[in-house]
Each structure stands twice: as structure tokens, then as C-alpha cells.
file start.txt (compact mmCIF, C-alpha atoms)
# COMPACT_ATOMS: atom_id res chain seq x y z
CA MET A 104 167.79 97.50 95.66
CA SER A 105 165.88 97.33 98.94
CA ARG A 106 166.66 99.75 101.71
CA LYS A 107 166.65 98.63 105.31
CA LEU A 108 167.20 100.66 108.45
CA CYS A 109 169.20 99.22 111.26
CA PRO A 110 167.18 98.69 114.48
CA ALA A 111 169.10 101.39 116.34
CA LEU A 112 168.44 104.01 113.66
CA ALA A 113 164.80 103.00 113.38
CA GLY A 114 164.43 103.42 117.13
CA VAL A 115 165.95 106.88 116.95
CA LEU A 116 163.56 107.89 114.17
CA VAL A 117 160.56 106.59 116.11
CA THR A 118 161.71 108.48 119.20
CA VAL A 119 162.15 111.68 117.21
CA ALA A 120 158.71 111.28 115.62
CA LEU A 121 157.05 110.68 118.97
CA GLY A 122 158.90 113.60 120.49
CA SER A 123 157.75 115.89 117.65
CA ALA A 124 154.15 114.78 118.15
CA ALA A 125 154.41 115.39 121.89
CA ARG A 126 155.76 118.89 121.29
CA ALA A 127 152.93 119.72 118.90
CA ALA A 128 150.49 120.45 121.74
CA VAL A 129 151.16 122.82 124.61
CA PRO A 130 151.49 121.01 127.96
CA SER A 131 148.57 121.63 130.32
CA GLU A 132 147.47 120.46 133.73
CA ARG A 133 144.05 120.08 135.27
CA PHE A 134 142.92 122.15 138.24
CA GLY A 135 140.01 121.94 140.64
CA ASN A 136 139.65 118.18 140.22
CA SER A 137 138.08 117.67 143.64
CA LEU A 138 134.71 119.16 142.65
CA SER A 139 132.39 118.48 139.72
CA TRP A 140 128.89 119.63 138.77
CA GLU A 141 126.62 119.65 135.73
CA ALA A 142 125.77 123.36 135.76
CA THR A 143 127.64 126.17 134.02
CA GLN A 144 131.10 127.12 135.25
CA THR A 145 133.11 130.23 134.41
CA VAL A 146 136.76 130.92 135.21
CA GLN A 147 137.86 134.56 135.65
CA ALA A 148 140.78 136.54 137.07
CA ASP A 149 141.15 139.94 138.72
CA ARG A 150 143.73 142.59 137.79
CA GLN A 151 146.28 141.06 140.18
CA GLY A 152 145.98 137.67 138.48
CA ASN A 153 144.05 135.92 141.25
CA VAL A 154 141.80 133.29 139.67
CA TYR A 155 138.23 132.39 140.63
CA LEU A 156 135.74 129.78 139.45
CA LEU A 157 131.98 130.44 139.48
CA ARG A 158 129.51 127.61 139.99
CA ALA A 159 126.41 129.05 138.36
CA ASP A 160 123.67 126.91 139.89
CA THR A 161 124.62 127.66 143.51
CA LEU A 162 126.25 131.08 142.84
CA GLU A 163 129.37 129.94 144.71
CA VAL A 164 132.69 131.56 143.81
CA TYR A 165 135.77 129.40 144.49
CA PRO A 166 139.29 130.86 144.69
CA VAL A 167 141.79 128.78 142.73
CA LEU A 168 144.84 128.14 144.93
CA LYS A 169 148.46 127.96 143.78
CA ASN A 170 148.45 124.15 143.89
CA GLY A 171 145.41 124.03 141.61
CA SER A 172 142.87 123.11 144.26
CA LEU A 173 139.71 125.09 144.97
CA GLY A 174 139.52 127.05 148.20
CA LYS A 175 136.54 127.82 150.40
CA PRO A 176 133.83 129.48 148.31
CA SER A 177 131.92 132.67 148.93
CA LYS A 178 128.31 132.94 147.79
CA LEU A 179 126.56 135.64 145.81
CA GLU A 180 123.29 136.85 147.34
CA SER A 181 120.51 137.07 144.76
CA ALA A 182 117.48 139.31 145.25
CA SER A 183 115.12 136.75 143.70
CA ALA A 184 115.15 133.20 142.38
CA PHE A 185 116.56 132.50 138.93
CA GLN A 186 113.93 131.37 136.40
CA ALA A 187 116.50 130.18 133.83
CA PRO A 188 120.07 128.85 133.84
CA VAL A 189 123.14 131.07 133.71
CA LEU A 190 124.76 130.73 130.29
CA LYS A 191 127.83 132.98 130.65
CA ALA A 192 129.38 135.20 133.30
CA ALA A 193 132.04 137.86 133.78
CA MET A 194 133.82 139.03 136.93
CA GLY A 195 134.60 142.65 137.73
CA ASP A 196 137.28 143.94 140.10
CA GLY A 197 136.84 141.20 142.68
CA PRO A 198 135.16 137.88 143.47
CA GLY A 199 131.99 139.62 144.67
CA ASP A 200 131.48 141.58 141.44
CA TRP A 201 129.76 139.57 138.69
CA LEU A 202 127.55 140.02 135.67
CA LEU A 203 125.55 136.89 134.82
CA CYS A 204 124.01 136.29 131.41
CA LEU A 205 120.73 134.33 131.30
CA PRO A 206 118.70 133.58 128.15
CA LEU A 207 116.52 136.70 128.47
CA GLU A 208 118.13 138.88 131.16
CA VAL A 209 121.33 139.78 132.98
CA ARG A 210 121.88 139.85 136.75
CA TRP A 211 124.43 142.17 138.39
CA PHE A 212 126.23 141.56 141.68
CA ALA A 213 128.45 144.06 143.50
CA ALA A 214 130.31 143.21 146.71
CA GLY A 215 128.46 139.89 146.72
CA LYS A 216 124.92 141.30 146.64
CA GLU A 217 122.60 141.73 143.68
CA LYS A 218 121.93 145.20 142.31
CA PRO A 219 118.81 146.01 140.28
CA LEU A 220 119.04 146.42 136.51
CA PRO A 221 116.34 147.64 134.12
CA PRO A 222 115.22 145.03 131.55
CA LEU A 223 117.18 144.79 128.33
CA PRO A 224 115.24 145.48 125.14
CA TRP A 225 117.22 142.79 123.26
CA GLN A 226 118.33 139.28 124.09
CA PRO A 227 121.70 139.22 125.87
CA HIS A 228 124.45 137.00 124.53
CA ALA A 229 127.68 137.77 126.41
CA VAL A 230 128.81 140.06 129.24
CA THR A 231 131.84 141.97 130.49
CA PHE A 232 132.79 145.06 132.50
CA LEU A 233 134.24 148.20 130.96
CA ARG A 234 135.68 150.75 133.40
CA GLY A 235 133.51 149.15 136.08
CA ALA A 236 130.25 149.44 134.14
CA PRO A 237 128.19 146.43 132.97
CA VAL A 238 128.45 145.74 129.24
CA VAL A 239 126.28 143.28 127.29
CA SER A 240 126.43 142.09 123.70
CA VAL A 241 122.97 141.44 122.30
CA VAL A 242 121.55 139.50 119.37
CA ALA A 243 118.90 140.79 116.98
CA ARG A 244 115.94 139.36 118.86
CA PRO A 245 113.76 141.40 121.23
CA ALA A 246 113.79 140.23 124.83
CA PRO A 247 110.26 139.52 126.10
CA LEU A 248 108.84 142.14 128.44
CA ASN A 249 106.65 140.52 131.08
CA GLY A 250 106.73 137.30 129.07
CA MET A 251 105.46 138.86 125.83
CA VAL A 252 107.07 140.06 122.61
CA ILE A 253 105.04 142.69 120.77
CA ARG A 254 105.49 142.68 117.00
CA LYS A 255 103.72 144.88 114.47
CA VAL A 256 102.18 142.84 111.67
CA GLY A 257 103.78 143.52 108.29
CA GLU A 258 106.54 145.73 109.69
CA PRO A 259 109.90 144.81 108.11
CA PRO A 260 112.81 144.20 110.47
CA PRO A 261 115.35 147.03 110.78
CA ALA A 262 118.53 146.84 108.72
CA SER A 263 120.73 147.50 111.74
CA GLY A 264 120.55 147.76 115.49
CA PRO A 265 122.53 147.59 118.74
CA ALA A 266 125.33 145.06 118.99
CA VAL A 267 126.74 146.08 122.38
CA MET A 268 124.96 147.97 125.17
CA THR A 269 126.29 149.49 128.39
CA PHE A 270 124.61 150.47 131.65
CA ASP A 271 125.32 153.97 133.00
CA GLY A 272 123.64 153.50 136.37
CA GLU A 273 120.17 154.45 135.14
CA ARG A 274 119.54 153.04 131.68
CA TRP A 275 120.93 150.80 128.93
CA SER A 276 122.54 152.65 126.02
CA GLU A 277 123.78 151.48 122.64
CA VAL A 278 127.56 151.72 122.38
CA VAL A 279 128.17 149.62 119.22
CA LYS A 280 125.76 149.35 116.31
CA ALA A 281 125.91 146.68 113.59
CA ALA A 282 124.06 145.45 110.51
CA TRP A 283 121.36 142.84 111.01
CA PRO A 284 120.59 139.91 108.72
CA ALA A 285 117.77 140.19 106.21
CA MET A 286 116.56 136.72 107.13
CA ARG A 287 115.31 136.55 110.70
CA ASP A 288 115.44 132.84 111.48
CA GLY A 289 117.39 131.74 114.57
CA GLY A 290 120.45 130.53 112.68
CA GLU A 291 120.90 133.70 110.64
CA ILE A 292 120.49 135.88 113.70
CA LEU A 293 123.10 134.04 115.77
CA GLU A 294 125.60 133.71 112.94
CA ASN A 295 125.50 137.42 112.14
CA THR A 296 125.03 139.08 115.53
CA ALA A 297 126.48 136.79 118.24
CA ARG A 298 129.76 138.08 119.66
CA SER A 299 131.87 137.89 122.82
CA VAL A 300 132.97 141.06 124.61
CA LEU A 301 135.99 142.09 126.70
CA GLY A 302 136.99 145.28 128.51
CA ASP A 303 140.79 145.63 128.54
CA ARG A 304 143.11 147.32 131.06
CA GLU A 305 143.24 150.52 129.02
CA GLY A 306 139.47 150.93 129.14
CA LYS A 307 138.94 149.85 125.53
CA LEU A 308 136.32 147.37 124.33
CA TRP A 309 137.06 144.23 122.30
CA THR A 310 134.46 142.14 120.48
CA SER A 311 134.89 138.85 118.62
CA ARG A 312 132.31 137.33 116.30
CA ASP A 313 131.32 133.81 117.34
CA TYR A 314 130.74 132.34 113.89
CA ALA A 315 133.14 134.37 111.72
CA TYR A 316 136.72 135.28 112.57
CA VAL A 317 136.37 139.03 113.10
CA LEU A 318 138.06 140.79 116.03
CA ASP A 319 137.30 144.47 116.70
CA ARG A 320 138.58 147.03 119.17
CA TYR A 321 136.54 150.09 120.14
CA SER A 322 136.96 153.15 122.28
CA ALA A 323 134.79 153.38 125.39
CA ALA A 324 132.43 155.58 123.37
CA GLY A 325 132.06 152.93 120.65
CA ARG A 326 134.39 154.29 117.96
CA ARG A 327 136.06 151.41 116.14
CA LEU A 328 139.84 151.57 116.42
CA LEU A 329 140.89 148.47 114.49
CA GLN A 330 139.54 145.33 112.89
CA VAL A 331 141.28 141.98 112.39
CA GLU A 332 139.98 139.32 110.00
CA THR A 333 141.57 136.07 108.93
CA VAL A 334 141.64 135.05 105.28
CA LYS A 335 139.77 131.82 105.99
CA GLY A 336 137.58 133.13 108.79
CA GLY A 337 134.21 133.36 107.05
CA LEU A 338 131.02 131.58 108.04
CA VAL A 339 131.13 127.78 107.96
CA HIS A 340 128.02 125.60 107.92
CA GLN A 341 127.46 121.96 108.76
CA GLN A 342 124.82 119.61 107.43
CA ALA A 343 121.52 119.47 109.32
CA LYS A 344 121.81 115.68 109.52
CA ASP A 345 125.06 116.07 111.46
CA VAL A 346 123.45 118.16 114.22
CA PRO A 347 121.90 115.93 116.92
CA VAL A 348 118.54 116.78 118.45
CA PRO A 349 119.00 117.85 122.10
CA PRO A 350 117.97 114.93 124.33
CA GLU A 351 116.02 117.24 126.64
CA LEU A 352 113.74 118.37 123.77
CA PRO A 353 110.21 116.85 124.15
CA ALA A 354 109.29 114.23 121.54
CA ALA A 355 106.36 116.33 120.30
CA ASP A 356 108.73 119.19 119.46
CA ARG A 357 111.46 117.20 117.74
CA ALA A 358 109.77 117.32 114.32
CA HIS A 359 109.93 121.12 114.48
CA PHE A 360 113.56 121.30 115.60
CA HIS A 361 115.65 123.57 113.36
CA PRO A 362 119.31 123.46 114.41
CA VAL A 363 121.77 126.29 114.07
CA LEU A 364 124.05 125.15 111.25
CA GLY A 365 126.76 127.73 111.78
CA VAL A 366 130.03 126.38 113.20
CA LEU A 367 131.30 128.11 116.33
CA GLN A 368 134.77 129.57 115.75
CA ILE A 369 135.75 131.93 118.59
CA ALA A 370 134.46 130.74 121.97
CA ASP A 371 135.96 133.40 124.31
CA LEU A 372 138.71 135.98 124.61
CA THR A 373 140.80 137.52 127.39
CA GLU A 374 143.70 139.94 127.81
CA GLY A 375 146.94 138.24 128.82
CA ARG A 376 149.47 139.49 131.33
CA ASP A 377 151.56 140.49 128.30
CA HIS A 378 148.65 142.65 126.99
CA ARG A 379 148.11 140.32 124.03
CA ILE A 380 144.55 139.24 123.31
CA TYR A 381 144.11 135.48 123.68
CA LEU A 382 141.22 133.74 121.91
CA ALA A 383 139.82 130.24 122.40
CA VAL A 384 139.22 128.83 118.91
CA GLN A 385 137.12 125.76 118.17
CA GLU A 386 138.92 123.90 115.39
CA GLY A 387 136.89 120.80 114.56
CA GLN A 388 137.04 118.54 117.61
CA ASN A 389 140.08 120.33 119.00
CA LEU A 390 140.59 123.53 120.97
CA ALA A 391 143.26 125.89 119.69
CA LEU A 392 144.57 129.13 121.15
CA ASP A 393 145.19 132.31 119.18
CA ARG A 394 146.99 135.40 120.38
CA TYR A 395 146.81 138.82 118.78
CA ASP A 396 149.56 141.35 119.48
CA PRO A 397 148.17 144.89 119.02
CA THR A 398 151.68 146.35 119.02
CA GLN A 399 153.15 144.05 116.36
CA GLU A 400 149.79 143.57 114.60
CA THR A 401 150.34 139.82 114.38
CA LEU A 402 148.02 136.86 114.91
CA GLU A 403 149.37 133.41 115.86
CA ARG A 404 147.87 130.03 116.70
CA THR A 405 148.98 127.02 118.73
CA ASP A 406 147.37 123.63 119.33
CA LEU A 407 146.32 122.96 122.93
CA GLY A 408 145.76 119.23 122.53
CA LEU A 409 142.42 119.62 124.35
CA SER A 410 138.82 118.90 123.45
CA ALA A 411 136.24 121.18 125.07
CA PRO A 412 133.37 121.94 122.68
CA GLY A 413 131.16 124.96 123.11
CA TYR A 414 131.69 128.24 124.92
CA VAL A 415 134.78 127.70 127.06
CA SER A 416 135.95 130.53 129.31
CA LEU A 417 139.48 131.96 129.60
CA ALA A 418 141.22 133.75 132.48
CA ALA A 419 144.68 135.31 132.61
CA GLY A 420 146.06 134.26 135.98
CA ARG A 421 149.31 135.45 137.49
CA ASP A 422 151.01 132.12 136.82
CA ALA A 423 149.08 130.67 133.89
CA LEU A 424 146.27 130.91 131.39
CA TYR A 425 143.21 129.14 132.80
CA ILE A 426 140.60 127.38 130.66
CA ALA A 427 137.23 126.03 131.78
CA ALA A 428 134.81 123.95 129.70
CA PRO A 429 131.19 125.18 129.64
CA HIS A 430 130.01 122.85 132.42
CA GLY A 431 131.57 121.86 135.71
CA ASP A 432 131.90 118.19 134.79
CA GLN A 433 133.65 118.75 131.42
CA GLY A 434 137.13 119.78 132.52
CA ARG A 435 139.38 122.63 133.68
CA TRP A 436 142.98 123.25 132.65
CA ARG A 437 145.80 125.72 133.11
CA ILE A 438 148.87 126.38 130.96
CA SER A 439 151.85 128.24 132.36
CA TRP A 440 152.91 131.43 130.63
CA GLU A 441 156.38 129.96 130.26
CA ASP A 442 155.02 126.97 128.34
CA LEU A 443 152.99 129.29 126.14
CA ASP A 444 156.09 131.37 125.42
CA HIS A 445 157.94 128.22 124.32
CA ALA A 446 155.02 126.77 122.36
CA THR A 447 155.06 126.35 118.60
CA TRP A 448 153.05 129.27 117.22
CA LYS A 449 151.91 129.42 113.59
CA SER A 450 151.31 132.77 111.91
CA MET A 451 147.72 133.22 110.73
CA ALA A 452 147.07 134.83 107.35
CA LEU A 453 145.07 138.03 107.72
CA LYS A 454 143.02 139.89 105.16
CA GLY A 455 145.12 142.52 103.46
CA GLU A 456 148.49 140.87 103.92
CA THR A 457 150.55 138.28 102.09
CA PRO A 458 149.97 134.82 103.68
CA PRO A 459 153.09 133.32 105.30
CA PRO A 460 154.58 130.40 103.31
CA ALA A 461 153.52 126.95 104.50
CA GLU A 462 157.09 125.63 104.13
CA PRO A 463 160.47 127.38 103.78
CA VAL A 464 161.24 127.98 100.10
CA ARG A 465 164.69 127.51 98.59
CA LYS A 466 164.25 129.82 95.65
CA ARG A 467 163.98 133.49 96.35
CA THR A 468 160.63 134.74 95.17
CA LYS A 469 159.33 138.23 94.65
CA GLU A 470 157.18 139.19 97.63
CA ASN A 471 154.09 141.33 97.65
CA ARG A 472 154.81 144.06 100.17
CA LYS A 473 151.53 145.91 99.82
CA GLY A 474 149.85 144.19 102.78
CA THR A 475 148.39 145.99 105.74
CA ALA A 476 149.09 143.28 108.34
CA GLY A 477 145.38 142.70 108.77
CA ARG A 478 144.85 145.98 110.63
CA LYS A 479 142.20 148.35 109.35
CA PRO A 480 142.51 151.74 111.00
CA PHE A 481 139.49 153.95 111.41
CA PRO A 482 139.47 157.73 111.75
call {"tool": "encode", "arguments": {"input": "start.txt", "output": "C-alpha cells"}}
result
Amino acid sequence: MSRKLCPALAGVLVTVALGSAARAAVPSERFGNSLSWEATQTVQADRQGNVYLLRADTLEVYPVLKNGSLGKPSKLESASAFQAPVLKAAMGDGPGDWLLCLPLEVRWFAAGKEKPLPPLPWQPHAVTFLRGAPVVSVVARPAPLNGMVIRKVGEPPPASGPAVMTFDGERWSEVVKAAWPAMRDGGEILENTARSVLGDREGKLWTSRDYAYVLDRYSAAGRRLLQVETVKGGLVHQQAKDVPVPPELPAADRAHFHPVLGVLQIADLTEGRDHRIYLAVQEGQNLALDRYDPTQETLERTDLGLSAPGYVSLAAGRDALYIAAPHGDQGRWRISWEDLDHATWKSMALKGETPPPAEPVRKRTKENRKGTAGRKPFP
């Protein structure tokens, strides 16, 4: 016997299906649409929730107004010309306080003017401020001094080294140490040592691995306080044939191009107004948002319905969470805290705990209650 739906009922089902699909992604709105540029952009917020957008090529800092438009910018005064592009940036207590991350150095600005910094011994990867002091995560590659890297022939690479360094006003000091990969090619180094950094309101340091889902919290002195890992958060690799050669690479160098095959997982992190840690997660072609609650020791994820590949930046504004794509012509969005509160959040399975069921079960099953909620305390 064939089954047919009446047109009215079919319409209702279609409407319900479309409504469910629309609710799957958190509503967002664009901001700062009046200006666009190809260079790096970074969105940041101060402790009061005022939001600012940095244009890295001109060093202009735009306040983001309540209506989403960009206000009149102020400009950072550099002591010398930049010899390389700004890759990432972090703002301190106000719009004149910035730490800029370049491929081989960092530049520090206070009250709008550049302050001198001694050269870093290792290549910088990401930057933040912790209790007002510059903090840099580094990868396991020495930064050239005066354009040269000195290596001793036959000397094996060290098994471990600095992961995060801080500046005390006179010199750079190691605050977090980590294991280094045995293989020293570019892909292995980035996959194992690249991490984002964040100084929270309590003066603690957070780090997130770029290519593996590992979130750590440290004291200001570098003592690890907790570690969060997802069950499926290990390294993921893509095929070399699927990685395009950068168009700016000279033709003579293309035959020697060795792409990084690791898949970027965590692009950035910030502390929300609710003191949760929010993480921008690259999930295939889509951008998702995770939030970790240190009090409840829970990790959740929601779909943003956005596509912004690469290292996006996050900022916790007074009214919304702000998101900026890596470059000024790739998009900027904001999502109200109210919409985030009402979003559909999915619990993420953490190492050491029983994964949440994918669907509600009718039969009562015996649960494993020996989990640790993904939190690994350290003495």
C-alpha cells in the first residue's frame, strides 16, 4: 500500500526541516564592512569589553562602534620599518598596547609607541600579555641572529626546549618547556610545537596546540594546573597532492616545495565575559566554536555556519563575541552572547571520561563512572 502525505502536512514537514537547519548554526552579523584590505587583521578587546581591529600593514587601530562600524583609527608609531609582514597580534590593556608577531621577531608597542625588545633566540609563533608582560610562544627553530643561523655540524637536536617565553623588562626567559620532535623538518616542528597563548583575568596562562586538541592552563611561573584533551583530537594529516603550491612561490622553487601536511585544529582562543575559554576550531571547511568551562570541567561545541580558513582571531566584546578572518578582505563577524547562550551546544568527549551518547537511549545501560571529566590535575 502506497503512502502519500497531504500537501498541507508535507508543507509543515518541509518548514520544520528548514527551521531545524536554520537553527543548526548560530546567527551572526558582519561588522566593519566599510573597509577592506589584503593585509593581516586582528580583532581584540580590552578588559571593559571595548573592541578594536588592527590593520597590520598600516599599524592603524580602529575602534569597533556599537552599530558595527569602524571608528576613526589611531596609529602605532614604529621605531623602524618592518622587513616582514605581521602574522599575528595581541592587544594589552588598551588600543595603544600591542605585541606584534612577525616571522622572525616580535615588536612591542606601549601607549602607541614602540619599545625595544632583545632578539628572541627561537622563532615566534603567537603572542599575548600576561599581567602586562609580553609573552611569546615559540617553535623549535632558532631565529636568525643578524640574518644567520649558526649550527654545529653533527650535533643532535635537543629533546626538549622552550615552548613559551616571557619578557621581564630586561631579557627573555623560558616559562613553559616542552618536548621537541625527533624529526626536524618543517612539518614535524609546526605540528608538535606550534601553539596559541592567552593570559586570563586571573593572571594565569592558557596554551592550545594548533594541530592537536590539547588545552593547558599554567600558573604565571609556568606550573601546569590542568590539561584538557579530546578523544579524537590527535594529529590529522592530509595528502600532499591536496595542498596547493602558494601562487607567490617562484617557479624555480616550486619543485622543492614541501607543504605542511598537518591539519590546523585550534586557530585561536579567548576568555569570555563568563570566564569560559572560547576556542575557534577549524572543522573541515567550516568554523566551529568550542567553550571550556573550568568550573564545571566541560567542553562543548557549536556550529557557526561560517567559513574562515586559517588563523582567525577572537575577541570577547561587551555585547558579543567578535571573529576576524586572517586578512582584512576575508570577513569579520560578531555573535551576541545571548545567541551563544541559546545556541545548540554538543558535549565533546574528553580523554578519561565516558563519551556522551550520540542519541538518547531507551534502555537503561550500566554507565562507567570512573571518568575524570578530561581534567588532569598536577601537583
call {"tool": "residues_around", "arguments": {"input": "start.txt", "residues": "Ala229 in chain A", "least_positions_apart": "3", "cutoff": "12 Å", "atoms": "all atoms listed in the file", "output": "NGL selection string"}}
result
:A and (189-193 or 202-209 or 226 or 232 or 237-242 or 266-269 or 296-301 or 310-313 or 370-372 or 414 or 416)
call {"tool": "write_last_selection", "arguments": {"input": "start.txt", "atoms": "C-alpha atoms", "output": "PDB file, in the frame of the given file"}}
result
ATOM      1  CA  VAL A 189     123.140 131.070 133.710  1.00  0.00           C
ATOM      2  CA  LEU A 190     124.760 130.730 130.290  1.00  0.00           C
ATOM      3  CA  LYS A 191     127.830 132.980 130.650  1.00  0.00           C
ATOM      4  CA  ALA A 192     129.380 135.200 133.300  1.00  0.00           C
ATOM      5  CA  ALA A 193     132.040 137.860 133.780  1.00  0.00           C
ATOM      6  CA  LEU A 202     127.550 140.020 135.670  1.00  0.00           C
ATOM      7  CA  LEU A 203     125.550 136.890 134.820  1.00  0.00           C
ATOM      8  CA  CYS A 204     124.010 136.290 131.410  1.00  0.00           C
ATOM      9  CA  LEU A 205     120.730 134.330 131.300  1.00  0.00           C
ATOM     10  CA  PRO A 206     118.700 133.580 128.150  1.00  0.00           C
ATOM     11  CA  LEU A 207     116.520 136.700 128.470  1.00  0.00           C
ATOM     12  CA  GLU A 208     118.130 138.880 131.160  1.00  0.00           C
ATOM     13  CA  VAL A 209     121.330 139.780 132.980  1.00  0.00           C
ATOM     14  CA  GLN A 226     118.330 139.280 124.090  1.00  0.00           C
ATOM     15  CA  PHE A 232     132.790 145.060 132.500  1.00  0.00           C
ATOM     16  CA  PRO A 237     128.190 146.430 132.970  1.00  0.00           C
ATOM     17  CA  VAL A 238     128.450 145.740 129.240  1.00  0.00           C
ATOM     18  CA  VAL A 239     126.280 143.280 127.290  1.00  0.00           C
ATOM     19  CA  SER A 240     126.430 142.090 123.700  1.00  0.00           C
ATOM     20  CA  VAL A 241     122.970 141.440 122.300  1.00  0.00           C
ATOM     21  CA  VAL A 242     121.550 139.500 119.370  1.00  0.00           C
ATOM     22  CA  ALA A 266     125.330 145.060 118.990  1.00  0.00           C
ATOM     23  CA  VAL A 267     126.740 146.080 122.380  1.00  0.00           C
ATOM     24  CA  MET A 268     124.960 147.970 125.170  1.00  0.00           C
ATOM     25  CA  THR A 269     126.290 149.490 128.390  1.00  0.00           C
ATOM     26  CA  THR A 296     125.030 139.080 115.530  1.00  0.00           C
ATOM     27  CA  ALA A 297     126.480 136.790 118.240  1.00  0.00           C
ATOM     28  CA  ARG A 298     129.760 138.080 119.660  1.00  0.00           C
ATOM     29  CA  SER A 299     131.870 137.890 122.820  1.00  0.00           C
ATOM     30  CA  VAL A 300     132.970 141.060 124.610  1.00  0.00           C
ATOM     31  CA  LEU A 301     135.990 142.090 126.700  1.00  0.00           C
ATOM     32  CA  THR A 310     134.460 142.140 120.480  1.00  0.00           C
ATOM     33  CA  SER A 311     134.890 138.850 118.620  1.00  0.00           C
ATOM     34  CA  ARG A 312     132.310 137.330 116.300  1.00  0.00           C
ATOM     35  CA  ASP A 313     131.320 133.810 117.340  1.00  0.00           C
ATOM     36  CA  ALA A 370     134.460 130.740 121.970  1.00  0.00           C
ATOM     37  CA  ASP A 371     135.960 133.400 124.310  1.00  0.00           C
ATOM     38  CA  LEU A 372     138.710 135.980 124.610  1.00  0.00           C
ATOM     39  CA  TYR A 414     131.690 128.240 124.920  1.00  0.00           C
ATOM     40  CA  SER A 416     135.950 130.530 129.310  1.00  0.00           C
TER      41      SER A 416
END
call {"tool": "closest_residue", "arguments": {"input": "start.txt", "among": "A:Ala446, A:Gln388, A:Ile438, A:Lys454", "to": "Gln330 in chain A", "atoms": "all atoms listed in the file"}}
result
A:Lys454
call {"tool": "closest_atom_pairs", "arguments": {"input": "start.txt", "of": "range 196-310 of chain A", "to": "range 158-166 of chain A", "cutoff": "10 Å", "atoms": "only C-alpha atoms", "output": "CSV"}}
result
residue,atom,partner,partner_atom,distance
A:Pro198,CA,A:Val164,CA,6.8
A:Gly199,CA,A:Val164,CA,8.1
A:Trp201,CA,A:Val164,CA,9.9
A:Leu203,CA,A:Ala159,CA,8.6
A:Gly215,CA,A:Val164,CA,9.8
call {"tool": "closest_residue", "arguments": {"input": "start.txt", "among": "A:Glu273, A:Val230, A:Leu382, A:Arg394", "to": "Lys218 in chain A", "atoms": "only C-alpha atoms"}}
result
A:Glu273
call {"tool": "residues_around", "arguments": {"input": "start.txt", "residues": "Glu305 in chain A", "least_positions_apart": "4", "cutoff": "10 Å", "atoms": "all atoms listed in the file", "output": "list in words"}}
result
Leu233, Arg234, Ser322, Ala323 and His378 of chain A
call {"tool": "closest_residue", "arguments": {"input": "start.txt", "among": "A:Tyr155, A:Trp225, A:Trp275, A:Tyr316", "to": "Ala243 in chain A", "atoms": "all atoms listed in the file"}}
result
A:Trp225
